[in-house]
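To be precise, the following lines are run_26.cif, and they hold mmCIF, C-alpha atoms.
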data_upload
#
loop_
_atom_site.label_atom_id
_atom_site.label_comp_id
_atom_site.auth_asym_id
_atom_site.auth_seq_id
_atom_site.Cartn_x
_atom_site.Cartn_y
_atom_site.Cartn_z
CA MET A 19 112.35 -9.28 178.27
CA LYS A 20 108.98 -7.58 177.84
CA LYS A 21 108.22 -7.93 181.58
CA ARG A 22 111.59 -6.36 182.39
CA LEU A 23 110.83 -3.33 180.17
CA VAL A 24 107.40 -2.90 181.75
CA ALA A 25 108.91 -3.12 185.24
CA MET A 26 111.59 -0.55 184.37
CA GLY A 27 108.95 1.77 182.88
CA ALA A 28 106.78 1.46 185.98
CA PHE A 29 109.81 2.12 188.21
CA PHE A 30 110.74 5.31 186.35
CA PHE A 31 107.12 6.45 186.33
CA LEU A 32 106.84 6.00 190.10
CA MET A 33 110.18 7.76 190.66
CA ALA A 34 108.92 10.67 188.57
CA LEU A 35 105.74 10.85 190.67
CA VAL A 36 107.82 10.96 193.84
CA LEU A 37 110.61 13.28 192.68
CA ILE A 38 108.88 15.85 190.46
CA PRO A 39 106.70 17.35 193.22
CA GLY A 40 109.83 17.72 195.35
CA PHE A 41 111.64 19.53 192.55
CA VAL A 42 108.67 21.81 191.96
CA LEU A 43 108.48 22.75 195.63
CA ALA A 44 112.23 23.34 195.77
CA GLU A 45 112.08 25.49 192.65
CA ASP A 46 109.39 27.78 194.06
CA GLY A 47 111.96 29.40 196.31
CA GLN A 48 114.27 29.97 193.37
CA ALA A 49 111.58 31.12 190.94
CA GLN A 50 112.81 34.71 190.88
CA GLU A 51 116.41 33.68 190.19
CA ASP A 52 115.31 31.13 187.59
CA ASP A 53 113.20 33.75 185.79
CA GLU A 54 116.21 36.05 185.56
CA ASP A 55 118.37 33.18 184.27
CA THR A 56 115.73 32.19 181.72
CA GLU A 57 115.35 35.79 180.56
CA SER A 58 119.09 36.12 180.13
CA LYS A 59 119.34 32.83 178.20
CA ASN A 60 116.41 33.76 175.97
CA LYS A 61 117.98 37.13 175.15
CA GLN A 62 121.16 35.30 174.16
CA TYR A 63 119.18 32.87 172.00
CA VAL A 64 117.35 35.74 170.32
CA ALA A 65 120.64 37.52 169.60
CA VAL A 66 122.18 34.34 168.17
CA GLY A 67 118.99 33.73 166.17
CA ALA A 68 119.16 37.21 164.65
CA VAL A 69 122.79 36.63 163.67
CA ILE A 70 122.00 33.23 162.14
CA ALA A 71 119.02 34.56 160.14
CA MET A 72 120.94 37.52 158.73
CA SER A 73 124.23 35.76 158.11
CA MET A 74 122.75 32.67 156.41
CA ALA A 75 120.41 34.69 154.22
CA GLY A 76 123.08 37.30 153.52
CA ILE A 77 125.78 34.82 152.53
CA ILE A 78 123.43 32.85 150.29
CA SER A 79 122.14 36.06 148.65
CA ALA A 80 125.69 37.30 148.08
CA ILE A 81 126.64 34.04 146.34
CA ALA A 82 123.51 34.22 144.19
CA LEU A 83 124.15 37.89 143.34
CA GLY A 84 127.65 36.93 142.22
CA LEU A 85 126.24 34.29 139.89
CA THR A 86 123.72 36.64 138.30
CA GLY A 87 126.21 39.51 138.24
CA SER A 88 128.69 37.54 136.19
CA ALA A 89 125.97 36.74 133.64
CA ALA A 90 124.95 40.41 133.55
CA VAL A 91 128.53 41.59 132.96
CA GLY A 92 128.82 39.28 129.95
CA VAL A 93 125.63 40.62 128.38
CA ILE A 94 126.36 44.29 129.14
CA SER A 95 129.83 44.01 127.61
CA GLU A 96 128.16 43.12 124.29
CA LYS A 97 125.10 45.40 124.50
CA GLU A 98 125.27 48.26 127.00
CA GLU A 99 121.66 49.26 126.32
CA LEU A 100 120.52 46.09 128.14
CA PHE A 101 121.97 47.29 131.47
CA GLY A 102 118.59 48.19 133.05
CA LYS A 103 116.93 44.90 132.15
CA ALA A 104 119.99 42.90 133.24
CA LEU A 105 120.17 44.81 136.53
CA ILE A 106 116.58 43.96 137.44
CA LEU A 107 117.21 40.26 136.85
CA GLN A 108 120.56 40.46 138.64
CA VAL A 109 119.19 41.87 141.92
CA LEU A 110 116.29 39.43 142.34
CA PRO A 111 118.26 37.03 144.58
CA MET A 112 118.96 39.91 146.98
CA THR A 113 115.46 39.64 148.41
CA GLN A 114 116.35 36.55 150.45
CA GLY A 115 118.97 38.66 152.23
CA ILE A 116 116.29 41.26 152.89
CA TYR A 117 114.06 38.57 154.43
CA GLY A 118 116.94 37.61 156.74
CA LEU A 119 117.35 41.25 157.73
CA VAL A 120 113.61 41.63 158.41
CA ALA A 121 113.58 38.47 160.57
CA ALA A 122 116.66 39.65 162.50
CA ILE A 123 115.18 43.09 163.17
CA LEU A 124 111.84 41.61 164.27
CA LEU A 125 113.59 39.19 166.63
CA LEU A 126 115.75 41.93 168.15
CA ARG A 127 112.79 44.28 168.49
CA GLY A 128 110.62 41.60 170.11
CA ALA A 129 113.26 40.90 172.75
CA GLY A 130 113.73 44.58 173.51
CA PHE A 131 117.17 45.05 171.96
CA VAL A 132 115.88 47.67 169.52
CA GLY A 133 112.90 49.46 171.04
CA GLY A 134 109.67 47.58 171.38
CA GLY A 135 109.96 44.53 173.53
CA GLY A 136 106.95 43.09 175.21
CA ALA A 137 107.85 39.43 174.90
CA ASP A 138 107.78 37.39 178.08
CA LEU A 139 111.42 36.37 178.07
CA THR A 140 110.90 34.23 181.17
CA ASP A 141 108.99 31.77 178.95
CA ASP A 142 111.34 28.89 178.09
CA THR A 143 109.98 28.60 174.55
CA VAL A 144 110.97 32.10 173.40
CA GLY A 145 114.65 31.29 172.91
CA ILE A 146 114.01 28.04 171.07
CA VAL A 147 111.45 29.73 168.84
CA ALA A 148 113.95 32.50 168.05
CA LEU A 149 116.49 29.91 166.92
CA THR A 150 113.80 28.08 164.94
CA VAL A 151 112.79 31.30 163.19
CA SER A 152 116.40 31.97 162.26
CA LEU A 153 116.80 28.49 160.81
CA VAL A 154 113.58 28.54 158.79
CA VAL A 155 114.43 31.95 157.31
CA GLY A 156 118.09 31.07 156.77
CA LEU A 157 117.45 27.67 155.21
CA THR A 158 114.69 28.83 152.88
CA ALA A 159 117.07 31.54 151.67
CA VAL A 160 118.80 28.74 149.74
CA SER A 161 116.07 29.42 147.17
CA ALA A 162 118.29 32.31 146.03
CA ILE A 163 120.59 29.82 144.27
CA PRO A 164 117.97 28.38 141.85
CA GLN A 165 116.62 31.90 141.48
CA ALA A 166 120.10 33.02 140.42
CA GLN A 167 120.26 30.20 137.90
CA THR A 168 116.93 31.23 136.40
CA SER A 169 117.87 34.91 136.44
CA SER A 170 121.20 34.14 134.76
CA ALA A 171 119.42 32.25 132.00
CA GLY A 172 117.08 35.21 131.54
CA ILE A 173 120.02 37.61 131.41
CA SER A 174 121.74 35.40 128.83
CA ALA A 175 118.60 35.46 126.66
CA LEU A 176 118.42 39.28 126.61
CA PRO A 177 120.73 39.88 123.61
CA ARG A 178 118.69 37.51 121.44
CA ASN A 179 115.29 38.70 122.68
CA PRO A 180 115.27 41.90 124.82
CA GLY A 181 111.49 41.64 125.16
CA SER A 182 111.79 38.43 127.19
CA SER A 183 112.84 40.23 130.37
CA GLY A 184 109.31 40.38 131.82
CA LYS A 185 108.76 36.65 131.40
CA SER A 186 112.25 35.97 132.78
CA ILE A 187 111.45 38.02 135.89
CA ILE A 188 108.27 36.02 136.49
CA LEU A 189 110.12 32.72 136.09
CA ALA A 190 112.96 33.88 138.36
CA ALA A 191 110.47 34.93 141.04
CA MET A 192 109.08 31.40 141.39
CA PRO A 193 111.91 29.92 143.53
CA GLU A 194 111.67 32.95 145.81
CA THR A 195 108.22 31.90 147.00
CA MET A 196 109.92 29.34 149.26
CA ALA A 197 111.78 32.15 151.03
CA VAL A 198 108.53 34.10 151.35
CA PHE A 199 106.91 31.04 152.93
CA GLY A 200 109.87 30.72 155.31
CA LEU A 201 109.56 34.34 156.40
CA LEU A 202 105.81 33.92 156.86
CA ILE A 203 106.31 30.87 159.09
CA GLY A 204 108.96 32.80 161.04
CA ILE A 205 106.57 35.72 161.59
CA LEU A 206 103.80 33.36 162.73
CA LEU A 207 106.18 31.66 165.17
CA MET A 208 107.29 35.03 166.56
CA LYS A 209 103.66 36.08 166.94
CA GLY A 210 102.91 32.82 168.75
CA VAL A 211 105.41 33.49 171.56
CA GLY A 212 104.82 37.22 171.78
CA LEU A 213 107.95 38.44 169.98
CA LEU A 214 105.63 40.47 167.72
#

Encoded form using structure tokens:
Amino acid sequence: MKKRLVAMGAFFFLMALVLIPGFVLAEDGQAQEDDEDTESKNKQYVAVGAVIAMSMAGIISAIALGLTGSAAVGVISEKEELFGKALILQVLPMTQGIYGLVAAILLLRGAGFVGGGGADLTDDTVGIVALTVSLVVGLTAVSAIPQAQTSSAGISALPRNPGSSGKSIILAAMPETMAVFGLLIGILLMKGVGLL
């Protein structure tokens, strides 16, 4: 069995040595057409990536804002003077949506959709990196949910101790660091392929 696997591996290796140079030579004549196809595909990937980044982060932020908003309404209905403190805690999960928006704008700008440009869209990696950026930003936006839970607890504590809002803000900001890290990785990836 082991000899058979080695023989099959050697066969495929030799076939690759014979066939790949032929493909490369055949592709040289089509290089211009392939570059245009690659550029078109990469622009599509960048556009889809921008949509994924914004929609994932936006939907997750909207859900989180709904959770914190319902806690804020309960507190404000009892003590209207706590509106300002409740509002600050309520809007914290919106930042993940902002990170999605920033990533989408940077992707679109890097591909030349919105001014700028400059990325070599004939490079095969640009499209995959754009999708990867959108996923890392979109998935780390899930941190808005635990942030909403922490913010809601802080909002609920306001009637008993209005002075606790500062500490509640600090505690609610902790889950957001994951989204900040996600955006940072996205920016580094975009920089790596020339989208920035």

Original post:
So, counting all atoms listed in the file, which residue among A:Gly212, A:Gly145, A:Pro111, A:Gly118 is closest to Pro164 (chain A)?
Top reply: A:Pro111

Subject >> Near-region 194-206 of chain A list (6 Å; all atoms listed in the file; drop same-chain fewer than 2 positions) as number ranges by chain >> reply: A: 151, 154-155, 158-159, 161, 191-192, 208-209

Original post:
Where does the PyMOL selection byres ((chain A and resi 62-67) around 12) land in this file, that is, which residues does it pick, as a VMD selection string?
Top reply: chain A and resid 55 to 61 68 to 74 118 to 119 121 to 132 135 137 139 142 to 156 204 208 213

Expected file contents, prior selection, C-alpha atoms, as a compact mmCIF listing (two decimals), in the coordinates of the input:
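Dumped to result_35.txt:
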# COMPACT_ATOMS: atom_id res chain seq x y z
CA ASP A 55 118.37 33.18 184.27
CA THR A 56 115.73 32.19 181.72
CA GLU A 57 115.35 35.79 180.56
CA SER A 58 119.09 36.12 180.13
CA LYS A 59 119.34 32.83 178.20
CA ASN A 60 116.41 33.76 175.97
CA LYS A 61 117.98 37.13 175.15
CA ALA A 68 119.16 37.21 164.65
CA VAL A 69 122.79 36.63 163.67
CA ILE A 70 122.00 33.23 162.14
CA ALA A 71 119.02 34.56 160.14
CA MET A 72 120.94 37.52 158.73
CA SER A 73 124.23 35.76 158.11
CA MET A 74 122.75 32.67 156.41
CA GLY A 118 116.94 37.61 156.74
CA LEU A 119 117.35 41.25 157.73
CA ALA A 121 113.58 38.47 160.57
CA ALA A 122 116.66 39.65 162.50
CA ILE A 123 115.18 43.09 163.17
CA LEU A 124 111.84 41.61 164.27
CA LEU A 125 113.59 39.19 166.63
CA LEU A 126 115.75 41.93 168.15
CA ARG A 127 112.79 44.28 168.49
CA GLY A 128 110.62 41.60 170.11
CA ALA A 129 113.26 40.90 172.75
CA GLY A 130 113.73 44.58 173.51
CA PHE A 131 117.17 45.05 171.96
CA VAL A 132 115.88 47.67 169.52
CA GLY A 135 109.96 44.53 173.53
CA ALA A 137 107.85 39.43 174.90
CA LEU A 139 111.42 36.37 178.07
CA ASP A 142 111.34 28.89 178.09
CA THR A 143 109.98 28.60 174.55
CA VAL A 144 110.97 32.10 173.40
CA GLY A 145 114.65 31.29 172.91
CA ILE A 146 114.01 28.04 171.07
CA VAL A 147 111.45 29.73 168.84
CA ALA A 148 113.95 32.50 168.05
CA LEU A 149 116.49 29.91 166.92
CA THR A 150 113.80 28.08 164.94
CA VAL A 151 112.79 31.30 163.19
CA SER A 152 116.40 31.97 162.26
CA LEU A 153 116.80 28.49 160.81
CA VAL A 154 113.58 28.54 158.79
CA VAL A 155 114.43 31.95 157.31
CA GLY A 156 118.09 31.07 156.77
CA GLY A 204 108.96 32.80 161.04
CA MET A 208 107.29 35.03 166.56
CA LEU A 213 107.95 38.44 169.98

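Relative to CA of Val120 (chain A), CA of Ala75 (chain A) is found at 10.6 Å.
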
Original post:
Just how far from CA of Tyr117 (chain A) is CA of Ala175 (chain A), in Å to one decimal?
Top reply: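 Going from CA of Ala175 (chain A) over to CA of Tyr117 (chain A) covers 28.3 Å.
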
**OP:** Would you mind listing what lies within 12 Å of region 97-106 of chain A as a ChimeraX atom specification, with all atoms listed in the file counted and same-chain residues fewer than 3 positions away left out?
**Re:** /A:83,86-94,109-113,166,169-188,190-191

Subject >> Distance of CA of Gly115 (chain A) from CA of Ile163 (chain A), expressed in Å to one decimal place >> reply: 12.0 Å

Subject >> Residue nearest Gly76 (chain A) among A:Leu189, A:Leu107, A:Ala162, A:Leu207 (counting all atoms listed in the file) >> reply: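 Closest residue, counting all atoms listed in the file: A:Ala162.
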
Original post:
Which residue gives the smallest distance to Gln167 (chain A) among A:Val211, A:Gln114, A:Pro193, A:Gly133, with only C-alpha atoms counted?
Top reply: A:Pro193

Kindly complete region 178-205 of chain A to N, CA and C atoms; the output should be written as a PDB file, keeping the file's coordinate frame.
ATOM      1  N   ARG A 178     119.461  38.101 122.520  1.00  0.00           N
ATOM      2  CA  ARG A 178     118.690  37.510 121.440  1.00  0.00           C
ATOM      3  C   ARG A 178     117.253  38.022 121.410  1.00  0.00           C
ATOM      4  N   ASN A 179     116.686  38.271 122.606  1.00  0.00           N
ATOM      5  CA  ASN A 179     115.290  38.700 122.680  1.00  0.00           C
ATOM      6  C   ASN A 179     115.116  39.647 123.873  1.00  0.00           C
ATOM      7  N   PRO A 180     115.381  40.948 123.701  1.00  0.00           N
ATOM      8  CA  PRO A 180     115.270  41.900 124.820  1.00  0.00           C
ATOM      9  C   PRO A 180     113.862  41.970 125.417  1.00  0.00           C
ATOM     10  N   GLY A 181     112.858  41.599 124.655  1.00  0.00           N
ATOM     11  CA  GLY A 181     111.490  41.640 125.160  1.00  0.00           C
ATOM     12  C   GLY A 181     111.152  40.502 126.113  1.00  0.00           C
ATOM     13  N   SER A 182     112.068  39.573 126.308  1.00  0.00           N
ATOM     14  CA  SER A 182     111.790  38.430 127.190  1.00  0.00           C
ATOM     15  C   SER A 182     112.050  38.716 128.662  1.00  0.00           C
ATOM     16  N   SER A 183     112.466  39.942 128.968  1.00  0.00           N
ATOM     17  CA  SER A 183     112.840  40.230 130.370  1.00  0.00           C
ATOM     18  C   SER A 183     111.672  40.090 131.332  1.00  0.00           C
ATOM     19  N   GLY A 184     110.474  40.493 130.931  1.00  0.00           N
ATOM     20  CA  GLY A 184     109.310  40.380 131.820  1.00  0.00           C
ATOM     21  C   GLY A 184     108.997  38.935 132.163  1.00  0.00           C
ATOM     22  N   LYS A 185     109.024  38.078 131.171  1.00  0.00           N
ATOM     23  CA  LYS A 185     108.760  36.650 131.400  1.00  0.00           C
ATOM     24  C   LYS A 185     109.875  36.038 132.245  1.00  0.00           C
ATOM     25  N   SER A 186     111.116  36.485 131.997  1.00  0.00           N
ATOM     26  CA  SER A 186     112.250  35.970 132.780  1.00  0.00           C
ATOM     27  C   SER A 186     112.127  36.361 134.242  1.00  0.00           C
ATOM     28  N   ILE A 187     111.640  37.567 134.498  1.00  0.00           N
ATOM     29  CA  ILE A 187     111.450  38.020 135.890  1.00  0.00           C
ATOM     30  C   ILE A 187     110.422  37.147 136.589  1.00  0.00           C
ATOM     31  N   ILE A 188     109.318  36.857 135.897  1.00  0.00           N
ATOM     32  CA  ILE A 188     108.270  36.020 136.490  1.00  0.00           C
ATOM     33  C   ILE A 188     108.821  34.628 136.811  1.00  0.00           C
ATOM     34  N   LEU A 189     109.565  34.047 135.860  1.00  0.00           N
ATOM     35  CA  LEU A 189     110.120  32.720 136.090  1.00  0.00           C
ATOM     36  C   LEU A 189     111.149  32.726 137.228  1.00  0.00           C
ATOM     37  N   ALA A 190     111.943  33.788 137.301  1.00  0.00           N
ATOM     38  CA  ALA A 190     112.960  33.880 138.360  1.00  0.00           C
ATOM     39  C   ALA A 190     112.330  34.111 139.729  1.00  0.00           C
ATOM     40  N   ALA A 191     111.135  34.679 139.758  1.00  0.00           N
ATOM     41  CA  ALA A 191     110.470  34.930 141.040  1.00  0.00           C
ATOM     42  C   ALA A 191     109.899  33.653 141.670  1.00  0.00           C
ATOM     43  N   MET A 192     109.692  32.627 140.872  1.00  0.00           N
ATOM     44  CA  MET A 192     109.080  31.400 141.390  1.00  0.00           C
ATOM     45  C   MET A 192     109.868  30.748 142.521  1.00  0.00           C
ATOM     46  N   PRO A 193     111.191  30.533 142.398  1.00  0.00           N
ATOM     47  CA  PRO A 193     111.910  29.920 143.530  1.00  0.00           C
ATOM     48  C   PRO A 193     111.862  30.759 144.801  1.00  0.00           C
ATOM     49  N   GLU A 194     111.688  32.064 144.643  1.00  0.00           N
ATOM     50  CA  GLU A 194     111.670  32.950 145.810  1.00  0.00           C
ATOM     51  C   GLU A 194     110.465  32.701 146.705  1.00  0.00           C
ATOM     52  N   THR A 195     109.410  32.120 146.169  1.00  0.00           N
ATOM     53  CA  THR A 195     108.220  31.900 147.000  1.00  0.00           C
ATOM     54  C   THR A 195     108.549  31.031 148.221  1.00  0.00           C
ATOM     55  N   MET A 196     109.542  30.157 148.104  1.00  0.00           N
ATOM     56  CA  MET A 196     109.920  29.340 149.260  1.00  0.00           C
ATOM     57  C   MET A 196     110.475  30.221 150.386  1.00  0.00           C
ATOM     58  N   ALA A 197     111.257  31.233 150.024  1.00  0.00           N
ATOM     59  CA  ALA A 197     111.780  32.150 151.030  1.00  0.00           C
ATOM     60  C   ALA A 197     110.663  32.992 151.642  1.00  0.00           C
ATOM     61  N   VAL A 198     109.688  33.359 150.832  1.00  0.00           N
ATOM     62  CA  VAL A 198     108.530  34.100 151.350  1.00  0.00           C
ATOM     63  C   VAL A 198     107.770  33.235 152.348  1.00  0.00           C
ATOM     64  N   PHE A 199     107.590  31.957 152.009  1.00  0.00           N
ATOM     65  CA  PHE A 199     106.910  31.040 152.930  1.00  0.00           C
ATOM     66  C   PHE A 199     107.705  30.903 154.235  1.00  0.00           C
ATOM     67  N   GLY A 200     109.022  30.818 154.122  1.00  0.00           N
ATOM     68  CA  GLY A 200     109.870  30.720 155.310  1.00  0.00           C
ATOM     69  C   GLY A 200     109.737  31.926 156.213  1.00  0.00           C
ATOM     70  N   LEU A 201     109.739  33.120 155.609  1.00  0.00           N
ATOM     71  CA  LEU A 201     109.560  34.340 156.400  1.00  0.00           C
ATOM     72  C   LEU A 201     108.185  34.371 157.046  1.00  0.00           C
ATOM     73  N   LEU A 202     107.171  33.953 156.310  1.00  0.00           N
ATOM     74  CA  LEU A 202     105.810  33.920 156.860  1.00  0.00           C
ATOM     75  C   LEU A 202     105.726  32.990 158.064  1.00  0.00           C
ATOM     76  N   ILE A 203     106.302  31.804 157.956  1.00  0.00           N
ATOM     77  CA  ILE A 203     106.310  30.870 159.090  1.00  0.00           C
ATOM     78  C   ILE A 203     107.069  31.479 160.266  1.00  0.00           C
ATOM     79  N   GLY A 204     108.191  32.140 159.984  1.00  0.00           N
ATOM     80  CA  GLY A 204     108.960  32.800 161.040  1.00  0.00           C
ATOM     81  C   GLY A 204     108.140  33.864 161.751  1.00  0.00           C
ATOM     82  N   ILE A 205     107.413  34.660 160.991  1.00  0.00           N
ATOM     83  CA  ILE A 205     106.570  35.720 161.590  1.00  0.00           C
ATOM     84  C   ILE A 205     105.470  35.095 162.436  1.00  0.00           C
TER      85      ILE A 205
END
